[in-house]
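Asks: Provided below: structure.pdb, containing PDB, C-alpha atoms.
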```pdb
ATOM      1  CA  MET R  30     -17.266  37.828 -24.015
ATOM      2  CA  PRO R  31     -14.259  37.191 -26.305
ATOM      3  CA  ILE R  32     -11.036  35.932 -24.772
ATOM      4  CA  HIS R  33      -7.739  36.696 -26.474
ATOM      5  CA  ALA R  34      -4.641  34.603 -25.845
ATOM      6  CA  GLY R  35      -1.345  33.954 -27.537
ATOM      7  CA  LYS R  36      -2.070  30.275 -28.187
ATOM      8  CA  LEU R  37      -4.928  27.855 -28.591
ATOM      9  CA  VAL R  38      -6.588  27.400 -25.222
ATOM     10  CA  VAL R  39      -8.650  24.314 -24.419
ATOM     11  CA  CYS R  40      -9.346  25.089 -20.806
ATOM     12  CA  PHE R  41      -8.825  28.054 -18.539
ATOM     13  CA  LEU R  42      -9.244  28.333 -14.802
ATOM     14  CA  SER R  43      -8.999  31.414 -12.629
ATOM     15  CA  PHE R  44      -9.454  32.066  -8.925
ATOM     16  CA  TRP R  45      -9.509  35.463  -7.337
ATOM     17  CA  SER R  46     -10.761  37.152  -4.191
ATOM     18  CA  ILE R  47     -13.521  39.718  -4.368
ATOM     19  CA  TYR R  48     -15.484  41.697  -1.855
ATOM     20  CA  LEU R  49     -19.224  41.171  -1.847
ATOM     21  CA  THR R  50     -21.362  44.292  -1.997
ATOM     22  CA  HIS R  51     -24.716  42.599  -1.486
ATOM     23  CA  THR R  52     -26.794  44.125   1.259
ATOM     24  CA  THR R  53     -28.036  41.555   3.761
ATOM     25  CA  LEU R  54     -30.526  41.638   6.559
ATOM     26  CA  ALA R  55     -30.065  39.040   9.291
ATOM     27  CA  GLN R  56     -29.029  36.242   6.951
ATOM     28  CA  PRO R  57     -25.365  35.196   7.078
ATOM     29  CA  ASP R  58     -23.347  34.524   3.941
ATOM     30  CA  PHE R  59     -23.388  31.050   2.476
ATOM     31  CA  VAL R  60     -20.319  28.861   2.625
ATOM     32  CA  SER R  61     -20.919  28.677  -1.128
ATOM     33  CA  TYR R  62     -23.717  29.430  -3.552
ATOM     34  CA  ALA R  63     -24.356  29.314  -7.297
ATOM     35  CA  CYS R  64     -27.065  30.629  -9.606
ATOM     36  CA  SER R  65     -27.951  28.650 -12.717
ATOM     37  CA  GLY R  66     -30.417  28.290 -15.550
ATOM     38  CA  SER R  67     -32.253  30.879 -17.591
ATOM     39  CA  ASN R  68     -34.048  33.883 -16.141
ATOM     40  CA  PHE R  69     -37.725  34.185 -15.288
ATOM     41  CA  THR R  70     -39.742  37.380 -15.539
ATOM     42  CA  ALA R  71     -41.269  39.223 -12.608
ATOM     43  CA  ASN R  72     -44.784  38.114 -11.608
ATOM     44  CA  SER R  73     -44.608  35.138 -13.971
ATOM     45  CA  SER R  74     -46.075  31.708 -13.263
ATOM     46  CA  TYR R  75     -42.592  30.432 -12.535
ATOM     47  CA  GLN R  76     -41.982  33.092  -9.891
ATOM     48  CA  ARG R  77     -45.316  32.351  -8.233
ATOM     49  CA  ASN R  78     -44.527  28.629  -8.212
ATOM     50  CA  LEU R  79     -41.062  29.339  -6.809
ATOM     51  CA  ASN R  80     -42.504  31.428  -3.982
ATOM     52  CA  THR R  81     -45.006  28.673  -3.191
ATOM     53  CA  ALA R  82     -42.349  25.962  -3.250
ATOM     54  CA  LEU R  83     -39.900  27.790  -0.996
ATOM     55  CA  SER R  84     -42.516  28.874   1.536
ATOM     56  CA  SER R  85     -44.024  25.384   1.736
ATOM     57  CA  LEU R  86     -40.889  23.234   1.487
ATOM     58  CA  PRO R  87     -39.948  23.050   5.210
ATOM     59  CA  THR R  88     -43.507  22.032   6.121
ATOM     60  CA  THR R  89     -43.981  19.275   3.529
ATOM     61  CA  ASN R  90     -42.970  16.406   5.789
ATOM     62  CA  PRO R  91     -42.438  17.182   9.493
ATOM     63  CA  ARG R  92     -41.188  13.619  10.066
ATOM     64  CA  ALA R  93     -38.631  13.769   7.256
ATOM     65  CA  ARG R  94     -35.707  14.194   9.703
ATOM     66  CA  GLY R  95     -34.236  17.140   7.865
ATOM     67  CA  PHE R  96     -34.842  16.141   4.228
ATOM     68  CA  TYR R  97     -37.540  17.872   2.179
ATOM     69  CA  SER R  98     -38.523  17.928  -1.476
ATOM     70  CA  LEU R  99     -41.402  19.611  -3.288
ATOM     71  CA  SER R 100     -42.387  20.245  -6.896
ATOM     72  CA  VAL R 101     -44.886  22.968  -7.794
ATOM     73  CA  GLY R 102     -46.381  23.779 -11.201
ATOM     74  CA  ASP R 103     -46.604  22.094 -14.590
ATOM     75  CA  GLY R 104     -44.559  21.983 -17.774
ATOM     76  CA  ASN R 105     -41.954  24.696 -18.229
ATOM     77  CA  ASP R 106     -43.186  26.468 -15.097
ATOM     78  CA  THR R 107     -42.422  23.537 -12.783
ATOM     79  CA  VAL R 108     -40.205  24.363  -9.801
ATOM     80  CA  ASN R 109     -38.373  21.472  -8.136
ATOM     81  CA  SER R 110     -36.951  22.170  -4.693
ATOM     82  CA  VAL R 111     -34.832  20.146  -2.270
ATOM     83  CA  ALA R 112     -33.558  20.928   1.224
ATOM     84  CA  LEU R 113     -31.279  18.895   3.477
ATOM     85  CA  CYS R 114     -30.194  19.637   7.043
ATOM     86  CA  ARG R 115     -27.110  18.131   8.612
ATOM     87  CA  GLY R 116     -27.983  14.971  10.451
ATOM     88  CA  ASP R 117     -26.665  15.999  13.872
ATOM     89  CA  ILE R 118     -28.613  19.242  14.372
ATOM     90  CA  ASN R 119     -31.941  19.680  16.137
ATOM     91  CA  PRO R 120     -35.157  20.688  14.302
ATOM     92  CA  ASP R 121     -35.065  24.297  15.491
ATOM     93  CA  VAL R 122     -31.588  24.839  14.068
ATOM     94  CA  CYS R 123     -32.675  23.141  10.852
ATOM     95  CA  ASP R 124     -35.737  25.383  10.500
ATOM     96  CA  SER R 125     -33.687  28.513  11.149
ATOM     97  CA  CYS R 126     -31.051  27.494   8.611
ATOM     98  CA  LEU R 127     -33.640  26.779   5.924
ATOM     99  CA  ASN R 128     -35.448  30.072   6.556
ATOM    100  CA  ASP R 129     -32.152  31.949   6.179
ATOM    101  CA  SER R 130     -31.419  29.990   3.009
ATOM    102  CA  VAL R 131     -34.764  30.856   1.402
ATOM    103  CA  VAL R 132     -34.294  34.583   1.984
ATOM    104  CA  ARG R 133     -30.596  34.768   1.153
ATOM    105  CA  LEU R 134     -30.680  32.625  -1.985
ATOM    106  CA  GLN R 135     -33.445  34.741  -3.535
ATOM    107  CA  GLN R 136     -31.422  37.871  -2.779
ATOM    108  CA  LEU R 137     -28.367  36.447  -4.511
ATOM    109  CA  CYS R 138     -30.198  34.845  -7.461
ATOM    110  CA  PRO R 139     -33.239  37.113  -7.891
ATOM    111  CA  THR R 140     -34.235  36.095 -11.431
ATOM    112  CA  GLN R 141     -32.463  32.787 -12.129
ATOM    113  CA  LYS R 142     -34.591  29.659 -12.384
ATOM    114  CA  GLY R 143     -31.982  27.575 -10.593
ATOM    115  CA  ALA R 144     -29.911  28.167  -7.484
ATOM    116  CA  ARG R 145     -28.197  26.341  -4.649
ATOM    117  CA  GLY R 146     -26.795  27.541  -1.335
ATOM    118  CA  TYR R 147     -24.646  25.719   1.207
ATOM    119  CA  TYR R 148     -24.567  26.588   4.889
ATOM    120  CA  ASP R 149     -22.705  24.583   7.521
ATOM    121  CA  TYR R 150     -26.024  23.193   8.730
ATOM    122  CA  CYS R 151     -28.152  22.915   5.601
ATOM    123  CA  LEU R 152     -28.407  22.903   1.826
ATOM    124  CA  LEU R 153     -31.172  24.473  -0.267
ATOM    125  CA  ARG R 154     -31.518  23.895  -3.985
ATOM    126  CA  TYR R 155     -34.181  24.631  -6.607
ATOM    127  CA  SER R 156     -34.389  24.338 -10.374
ATOM    128  CA  ASP R 157     -36.699  23.936 -13.324
ATOM    129  CA  GLU R 158     -34.862  20.647 -13.994
ATOM    130  CA  ASN R 159     -35.105  17.364 -12.101
ATOM    131  CA  ILE R 160     -32.791  17.509  -9.061
ATOM    132  CA  LEU R 161     -34.052  14.538  -7.061
ATOM    133  CA  GLY R 162     -32.164  11.280  -6.723
ATOM    134  CA  ASN R 163     -28.795  10.458  -8.230
ATOM    135  CA  ALA R 164     -28.534  13.564 -10.436
ATOM    136  CA  PRO R 165     -25.241  14.185 -12.315
ATOM    137  CA  ILE R 166     -22.623  16.208 -10.420
ATOM    138  CA  ASP R 167     -22.051  19.471 -12.268
ATOM    139  CA  PHE R 168     -19.388  20.976 -10.011
ATOM    140  CA  TYR R 169     -17.700  20.494  -6.642
ATOM    141  CA  VAL R 170     -17.376  22.912  -3.732
ATOM    142  CA  PHE R 171     -14.338  22.291  -1.553
ATOM    143  CA  SER R 172     -12.103  23.958   1.014
ATOM    144  CA  ALA R 173      -9.139  22.819   3.090
ATOM    145  CA  ASP R 174      -7.347  23.837   6.252
ATOM    146  CA  PRO R 175      -4.086  25.570   5.246
ATOM    147  CA  GLN R 176      -2.065  23.576   7.796
ATOM    148  CA  ASN R 177      -0.429  20.262   6.901
ATOM    149  CA  ALA R 178      -0.187  17.321   9.279
ATOM    150  CA  THR R 179       3.225  17.003  10.931
ATOM    151  CA  ASN R 180       3.376  13.365   9.815
ATOM    152  CA  ILE R 181       1.236  12.893   6.717
ATOM    153  CA  ASP R 182       1.700   9.122   6.529
ATOM    154  CA  GLN R 183       0.554   8.570  10.114
ATOM    155  CA  PHE R 184      -2.265  11.049   9.666
ATOM    156  CA  ASN R 185      -3.536   9.193   6.594
ATOM    157  CA  ARG R 186      -3.165   5.883   8.425
ATOM    158  CA  ALA R 187      -5.816   7.139  10.855
ATOM    159  CA  LEU R 188      -7.921   9.200   8.415
ATOM    160  CA  TRP R 189      -8.663   6.586   5.753
ATOM    161  CA  PRO R 190     -10.073   3.877   8.050
ATOM    162  CA  LEU R 191     -12.235   6.575   9.631
ATOM    163  CA  LEU R 192     -13.652   7.765   6.308
ATOM    164  CA  THR R 193     -14.081   4.223   4.989
ATOM    165  CA  ASN R 194     -16.102   3.183   8.022
ATOM    166  CA  LEU R 195     -18.170   6.359   8.022
ATOM    167  CA  ILE R 196     -19.031   5.887   4.343
ATOM    168  CA  GLU R 197     -20.231   2.339   4.969
ATOM    169  CA  ALA R 198     -22.235   3.433   8.008
ATOM    170  CA  ALA R 199     -23.932   6.303   6.171
ATOM    171  CA  ALA R 200     -24.722   4.256   3.068
ATOM    172  CA  SER R 201     -26.580   1.653   5.122
ATOM    173  CA  ASP R 202     -28.293   4.183   7.412
ATOM    174  CA  GLN R 203     -31.869   5.268   6.703
ATOM    175  CA  GLN R 204     -30.909   8.887   7.307
ATOM    176  CA  LYS R 205     -27.739   8.493   5.171
ATOM    177  CA  PHE R 206     -25.608  10.200   7.826
ATOM    178  CA  ALA R 207     -22.641   9.198   9.973
ATOM    179  CA  SER R 208     -20.077  10.981  12.124
ATOM    180  CA  GLY R 209     -17.205   9.726  14.224
ATOM    181  CA  SER R 210     -13.612  10.104  15.302
ATOM    182  CA  ALA R 211     -10.247   8.364  15.280
ATOM    183  CA  THR R 212      -6.941   8.908  17.047
ATOM    184  CA  GLY R 213      -4.209  10.262  14.813
ATOM    185  CA  PRO R 214      -0.496  10.915  15.362
ATOM    186  CA  ALA R 215       0.585  12.242  18.788
ATOM    187  CA  PHE R 216      -2.858  11.260  20.155
ATOM    188  CA  GLN R 217      -4.503  13.913  18.005
ATOM    189  CA  THR R 218      -8.211  13.266  17.389
ATOM    190  CA  ILE R 219      -9.519  13.379  13.818
ATOM    191  CA  TYR R 220     -13.260  14.000  13.436
ATOM    192  CA  GLY R 221     -15.219  13.034  10.354
ATOM    193  CA  LEU R 222     -18.742  13.490   9.008
ATOM    194  CA  VAL R 223     -20.374  12.175   5.825
ATOM    195  CA  GLN R 224     -23.919  12.547   4.509
ATOM    196  CA  CYS R 225     -26.044  11.764   1.464
ATOM    197  CA  THR R 226     -29.543  12.849   0.580
ATOM    198  CA  PRO R 227     -31.818  10.082   1.909
ATOM    199  CA  ASP R 228     -33.457   9.521  -1.484
ATOM    200  CA  LEU R 229     -30.269   7.823  -2.739
ATOM    201  CA  THR R 230     -29.961   4.055  -2.663
ATOM    202  CA  GLU R 231     -27.272   2.466  -0.507
ATOM    203  CA  GLN R 232     -24.996   1.971  -3.512
ATOM    204  CA  GLU R 233     -25.618   5.465  -4.909
ATOM    205  CA  CYS R 234     -24.689   6.985  -1.549
ATOM    206  CA  ARG R 235     -21.572   4.835  -1.303
ATOM    207  CA  ASP R 236     -20.501   5.747  -4.850
ATOM    208  CA  CYS R 237     -21.001   9.469  -4.253
ATOM    209  CA  LEU R 238     -19.024   9.485  -1.000
ATOM    210  CA  ASP R 239     -16.251   7.288  -2.425
ATOM    211  CA  ASN R 240     -15.916   9.794  -5.255
ATOM    212  CA  LEU R 241     -15.488  12.677  -2.785
ATOM    213  CA  ALA R 242     -13.097  10.755  -0.544
ATOM    214  CA  ASN R 243     -10.936   9.902  -3.536
ATOM    215  CA  ARG R 244     -10.664  13.608  -4.360
ATOM    216  CA  ILE R 245      -9.209  14.384  -0.930
ATOM    217  CA  THR R 246      -5.883  12.950  -2.117
ATOM    218  CA  LEU R 247      -6.075  15.073  -5.262
ATOM    219  CA  TRP R 248      -7.017  18.385  -3.717
ATOM    220  CA  PHE R 249      -5.666  18.513  -0.158
ATOM    221  CA  ASN R 250      -3.806  15.354   0.808
ATOM    222  CA  GLY R 251      -1.974  15.899   4.101
ATOM    223  CA  ARG R 252      -4.074  18.863   5.239
ATOM    224  CA  ILE R 253      -5.455  18.519   8.777
ATOM    225  CA  GLY R 254      -8.968  19.422   7.635
ATOM    226  CA  GLY R 255     -11.094  19.647   4.528
ATOM    227  CA  ARG R 256     -14.577  19.308   3.139
ATOM    228  CA  ILE R 257     -16.215  18.717  -0.213
ATOM    229  CA  PHE R 258     -19.851  19.447  -1.089
ATOM    230  CA  VAL R 259     -21.964  18.315  -3.992
ATOM    231  CA  PRO R 260     -25.763  18.555  -4.007
ATOM    232  CA  ILE R 261     -26.341  14.864  -3.214
ATOM    233  CA  CYS R 262     -23.543  14.143  -0.705
ATOM    234  CA  SER R 263     -20.800  15.733   1.363
ATOM    235  CA  ILE R 264     -17.694  14.740   3.309
ATOM    236  CA  ARG R 265     -15.705  16.608   5.955
ATOM    237  CA  TYR R 266     -12.882  15.945   8.404
ATOM    238  CA  GLN R 267     -11.112  18.177  10.949
ATOM    239  CA  THR R 268      -8.777  17.881  13.905
ATOM    240  CA  ARG R 269     -11.268  19.895  15.946
ATOM    241  CA  ARG R 270     -14.751  18.808  16.871
ATOM    242  CA  PHE R 271     -17.357  20.390  14.569
ATOM    243  CA  PHE R 272     -20.456  18.211  15.048
ATOM    244  CA  ASN R 273     -22.833  17.132  17.807
ATOM    245  CA  GLY R 274     -22.437  13.615  19.127
ATOM    246  CA  SER R 275     -20.488  10.790  17.554
ATOM    247  CA  THR R 276     -21.756   7.572  16.049
ATOM    248  CA  LEU R 277     -18.426   5.787  15.540
ATOM    249  CA  VAL R 278     -15.007   5.692  17.164
ATOM    250  CA  ILE R 279     -12.482   4.116  14.793
ATOM    251  CA  GLN R 280      -9.254   2.603  16.098
ATOM    252  CA  PRO R 281      -6.245   3.252  13.844
ATOM    253  CA  PRO R 282      -4.280   0.253  12.525
ATOM    254  CA  PRO R 283      -0.901  -0.631  14.094
ATOM    255  CA  ALA R 284       1.999   1.583  13.121
ATOM    256  CA  SER R 285       3.560  -1.268  11.155
ATOM    257  CA  SER R 286       0.515  -1.677   8.945
ATOM    258  CA  PRO R 287       0.634  -0.314   5.407
ATOM    259  CA  ILE R 288      -1.239   2.927   4.841
ATOM    260  CA  PRO R 289      -4.743   2.133   3.565
ATOM    261  CA  PRO R 290      -5.308   3.636   0.128
ATOM    262  CA  PRO R 291      -8.179   6.055  -0.404
ATOM    263  CA  PRO R 292     -11.493   4.451  -1.356
ATOM    264  CA  PRO R 293     -11.390   3.661  -5.093
ATOM    265  CA  PRO R 294     -13.944   5.483  -7.224
ATOM    266  CA  THR R 295     -16.724   3.070  -8.122
ATOM    267  CA  SER R 296     -18.034   5.237 -10.916
ATOM    268  CA  THR R 297     -16.761   7.977 -13.163
ATOM    269  CA  PRO R 298     -18.269  11.340 -12.201
ATOM    270  CA  SER R 299     -20.523  12.712 -14.883
ATOM    271  CA  PRO R 300     -19.487  15.946 -16.570
ATOM    272  CA  PRO R 301     -21.889  18.862 -16.610
ATOM    273  CA  PRO R 302     -24.824  18.255 -18.930
ATOM    274  CA  GLY R 303     -25.357  20.190 -22.120
ATOM    275  CA  ASN R 304     -22.965  22.212 -24.254
ATOM    276  CA  ASP R 305     -22.331  25.110 -21.870
ATOM    277  CA  MET R 306     -18.578  25.085 -21.289
ATOM    278  CA  VAL R 307     -18.337  28.140 -19.020
ATOM    279  CA  TYR R 308     -18.586  27.608 -15.264
ATOM    280  CA  SER R 309     -18.481  29.945 -12.297
ATOM    281  CA  ALA R 310     -18.938  29.630  -8.553
ATOM    282  CA  GLN R 311     -18.631  31.758  -5.443
ATOM    283  CA  THR R 312     -17.300  30.538  -2.074
ATOM    284  CA  LYS R 313     -16.736  32.800   0.938
ATOM    285  CA  GLY R 314     -15.714  35.867  -1.045
ATOM    286  CA  LYS R 315     -13.651  33.899  -3.566
ATOM    287  CA  LYS R 316     -14.850  33.578  -7.123
ATOM    288  CA  SER R 317     -13.771  30.982  -9.651
ATOM    289  CA  VAL R 318     -14.319  30.926 -13.402
ATOM    290  CA  ALA R 319     -13.516  28.113 -15.827
ATOM    291  CA  LEU R 320     -13.719  27.984 -19.629
ATOM    292  CA  CYS R 321     -13.297  25.130 -22.092
ATOM    293  CA  GLN R 322     -13.052  25.641 -25.837
ATOM    294  CA  GLY R 323     -16.328  24.933 -27.618
ATOM    295  CA  GLU R 324     -15.264  21.939 -29.720
ATOM    296  CA  VAL R 325     -13.912  20.008 -26.707
ATOM    297  CA  ASN R 326     -16.216  17.223 -25.554
ATOM    298  CA  PRO R 327     -17.590  17.551 -21.989
ATOM    299  CA  TYR R 328     -15.568  14.649 -20.594
ATOM    300  CA  ALA R 329     -12.258  16.075 -21.862
ATOM    301  CA  CYS R 330     -13.274  19.478 -20.481
ATOM    302  CA  TRP R 331     -14.131  18.016 -17.071
ATOM    303  CA  ASN R 332     -10.830  16.120 -16.824
ATOM    304  CA  CYS R 333      -8.900  19.221 -17.894
ATOM    305  CA  LEU R 334     -10.563  21.365 -15.225
ATOM    306  CA  ASN R 335      -9.925  18.778 -12.496
ATOM    307  CA  ASP R 336      -6.213  18.716 -13.428
ATOM    308  CA  SER R 337      -6.163  22.529 -13.393
ATOM    309  CA  ILE R 338      -7.674  22.687  -9.915
ATOM    310  CA  VAL R 339      -5.064  20.320  -8.498
ATOM    311  CA  LYS R 340      -2.077  22.089 -10.074
ATOM    312  CA  LEU R 341      -3.276  25.569  -9.108
ATOM    313  CA  ALA R 342      -3.978  24.490  -5.529
ATOM    314  CA  ASN R 343      -0.507  22.939  -5.218
ATOM    315  CA  SER R 344       1.309  25.957  -6.704
ATOM    316  CA  ALA R 345      -0.566  28.711  -4.844
ATOM    317  CA  GLN R 346       1.611  31.001  -2.714
ATOM    318  CA  PRO R 347       0.586  32.266   0.761
ATOM    319  CA  ASN R 348      -1.657  35.343   0.625
ATOM    320  CA  GLN R 349      -1.903  35.097  -3.154
ATOM    321  CA  ARG R 350      -5.201  36.660  -4.217
ATOM    322  CA  GLU R 351      -5.340  35.570  -7.853
ATOM    323  CA  GLU R 352      -4.112  32.648  -9.892
ATOM    324  CA  ILE R 353      -4.664  31.733 -13.539
ATOM    325  CA  GLY R 354      -3.774  28.528 -15.338
ATOM    326  CA  TYR R 355      -3.882  27.583 -19.016
ATOM    327  CA  TYR R 356      -3.844  24.162 -20.623
ATOM    328  CA  ASP R 357      -3.336  23.387 -24.305
TER     329      ASP R 357
END
```
Rewrite the structure of this file - the entire thing - as structure tokens.

Replies:
Amino acid sequence: MPIHAGKLVVCFLSFWSIYLTHTTLAQPDFVSYACSGSNFTANSSYQRNLNTALSSLPTTNPRARGFYSLSVGDGNDTVNSVALCRGDINPDVCDSCLNDSVVRLQQLCPTQKGARGYYDYCLLRYSDENILGNAPIDFYVFSADPQNATNIDQFNRALWPLLTNLIEAAASDQQKFASGSATGPAFQTIYGLVQCTPDLTEQECRDCLDNLANRITLWFNGRIGGRIFVPICSIRYQTRRFFNGSTLVIQPPPASSPIPPPPPPTSTPSPPPGNDMVYSAQTKGKKSVALCQGEVNPYACWNCLNDSIVKLANSAQPNQREEIGYYD
């Protein structure tokens, strides 16, 4: 679709609220979902392999502790599927979440070869491409509590040691999961949870979570809650309890101590693969679309979009339903 503008546009980012008209049965809406890849035809080998993969995925390894992967088919008809449940939920909740995900994701992406859906308790993803292991991050899903901490410096003084310790605990854990809490300003408790897919190495998990933690300062520094999802790891913190149990209780440093900086990124996030420079995503009734000009290299595009996200998030007005930003 052609886009007309008064000047040369390298990247474009737009957010707006929409109302979903999809008819659902008993399945709730995802926190976020995205369809990707080319389309398959009805009753094709790919569709049959997809049906087999999704129906068999939760039963592939009953001792997997909430992590499942399965590939079905050969060549261009291969379907790769991955599912991950949050590390603090019981098996029944995990099974229910995955069953909802299988039904809902096929309703939302009925003919696309690739799709992913995020619930609070689980993630389901499938594709005709390899999605196991330390796959490149193609886009981020994030949300933040609208309320700011009353004392951002003191809040960060408690938050960063918590996240740093949770990241180290998860990276070295076989399940690649950790949750815990710390005491913030005015004796307020901050709760945190981090998780990687268990097929990552210790360093890969640490790198992925460090990358997300570093983006907290870019996207919602000072907010009392926030979370970021990518397919291979996630990070979340809130001033209300949102998980079962707690593996760590982190003591904040003395008030006279300098504020710990956010974990430094240990690797540069990879831009989306290929030459497709149009991106879209849907999160809780909000849709976002981004466009980079065709001759821009993927790394310049990715950096431009990250800058756009930060500036739009910082300039948004209360109750504003749409915002558009242009970069040269």

Asks: Translate the PyMOL selection byres ((chain R and resi 219) around 8), as applied to the file shown, into an explicit residue set as an NGL selection string.

Replies: :R and (187-188 or 210-213 or 217-218 or 220-221 or 266-269)

Asks: Could you list the residues chosen by the PyMOL selection byres ((chain R and resi 204) around 10) in this structure as a PyMOL selection string?

Replies: chain R and resi 93-96+116+199-203+205-207+224-228

Asks: I'd like the neighbourhood of Leu127 in chain R as a list of chain:residue names, where a residue qualifies if any of its atoms comes within 9 Å (using all atoms listed in the file), though same-chain residues fewer than 4 positions away should be ignored.

Replies: R:Pro87, R:Ala112, R:Leu113, R:Cys114, R:Val122, R:Cys123, R:Val131, R:Val132, R:Tyr150, R:Cys151, R:Leu152, R:Leu153

Asks: Rounded to one decimal, what separation in Å do you get between CA of Leu99 in chain R and CA of Leu83 in chain R?

Replies: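 CA of Leu83 in chain R lies at a distance of 8.6 Å from CA of Leu99 in chain R.
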
Asks: Just give me the gap between CA of Ile257 in chain R and CA of Ala82 in chain R in Å, one decimal is fine.

Replies: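 CA of Ala82 in chain R lies 27.3 Å from CA of Ile257 in chain R.
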
Asks: Can you tell me how far CA of Ala164 in chain R sits from CA of Val111 in chain R, in Å to one decimal?

Replies: 12.2 Å

Asks: What does the PyMOL selection byres ((chain R and resi 196) around 8) select in this file, as a PyMOL selection string?

Replies: chain R and resi 192-195+197-200+207+223+235+238-239

Asks: For Thr89 in chain R, which residue out of R:Ser110, R:Ser156, R:Asn68, R:Gln76 is the nearest one, using all atoms listed in the file?

Replies: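 Of all the options, R:Ser110 lies closest to Thr89 in chain R.
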
Asks: For Phe168 in chain R, which residue among R:Gln183, R:Ser65, R:Ser98, R:Thr107 is the nearest when counting only C-alpha atoms?

Replies: R:Ser65

Asks: So, with all atoms listed in the file as the atoms that count, which of R:Gly209, R:Gly274, R:Gly143, R:Gly255 lies closest to Cys64 in chain R?

Replies: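 Using all atoms listed in the file, the shortest distance to Cys64 in chain R belongs to R:Gly143.
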
Asks: Give me the residues within 12 Å of Pro57 in chain R as number ranges by chain, counting all atoms listed in the file and dropping any in the same chain fewer than 4 places off.

Replies: R: 51-53, 61, 125-134, 136, 146-149, 313

Asks: Give the answer as one residue: which of R:Ser208, R:Leu86, R:Val170, R:Cys234 has the shortest atom-to-atom distance to Phe272 in chain R, using only C-alpha atoms?

Replies: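 Smallest distance to Phe272 in chain R is found for R:Ser208.
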
Asks: Pick the closest to Leu161 in chain R from R:Phe271, R:Tyr62, R:Tyr75, R:Tyr97: which is it, counting all atoms listed in the file?

Replies: R:Tyr97

Asks: Would you place a box with edges along x, y and z of the file around all atoms of range 225-229 of chain R listed there, add 4 Å to each of its six sides, and report the centre and edge lengths in Å to one decimal, as JSON?

Replies:
```
{"center_x": -29.8, "center_y": 10.3, "center_z": -0.4, "size_x": 15.4, "size_y": 13.0, "size_z": 12.6}
```

Asks: Taking all atoms listed in the file into account, name the residue in R:Ala71, R:Pro165, R:Ala215, R:Asp124 that is nearest to Glu233 in chain R.

Replies: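 For Glu233 in chain R, the nearest of the given residues is R:Pro165.
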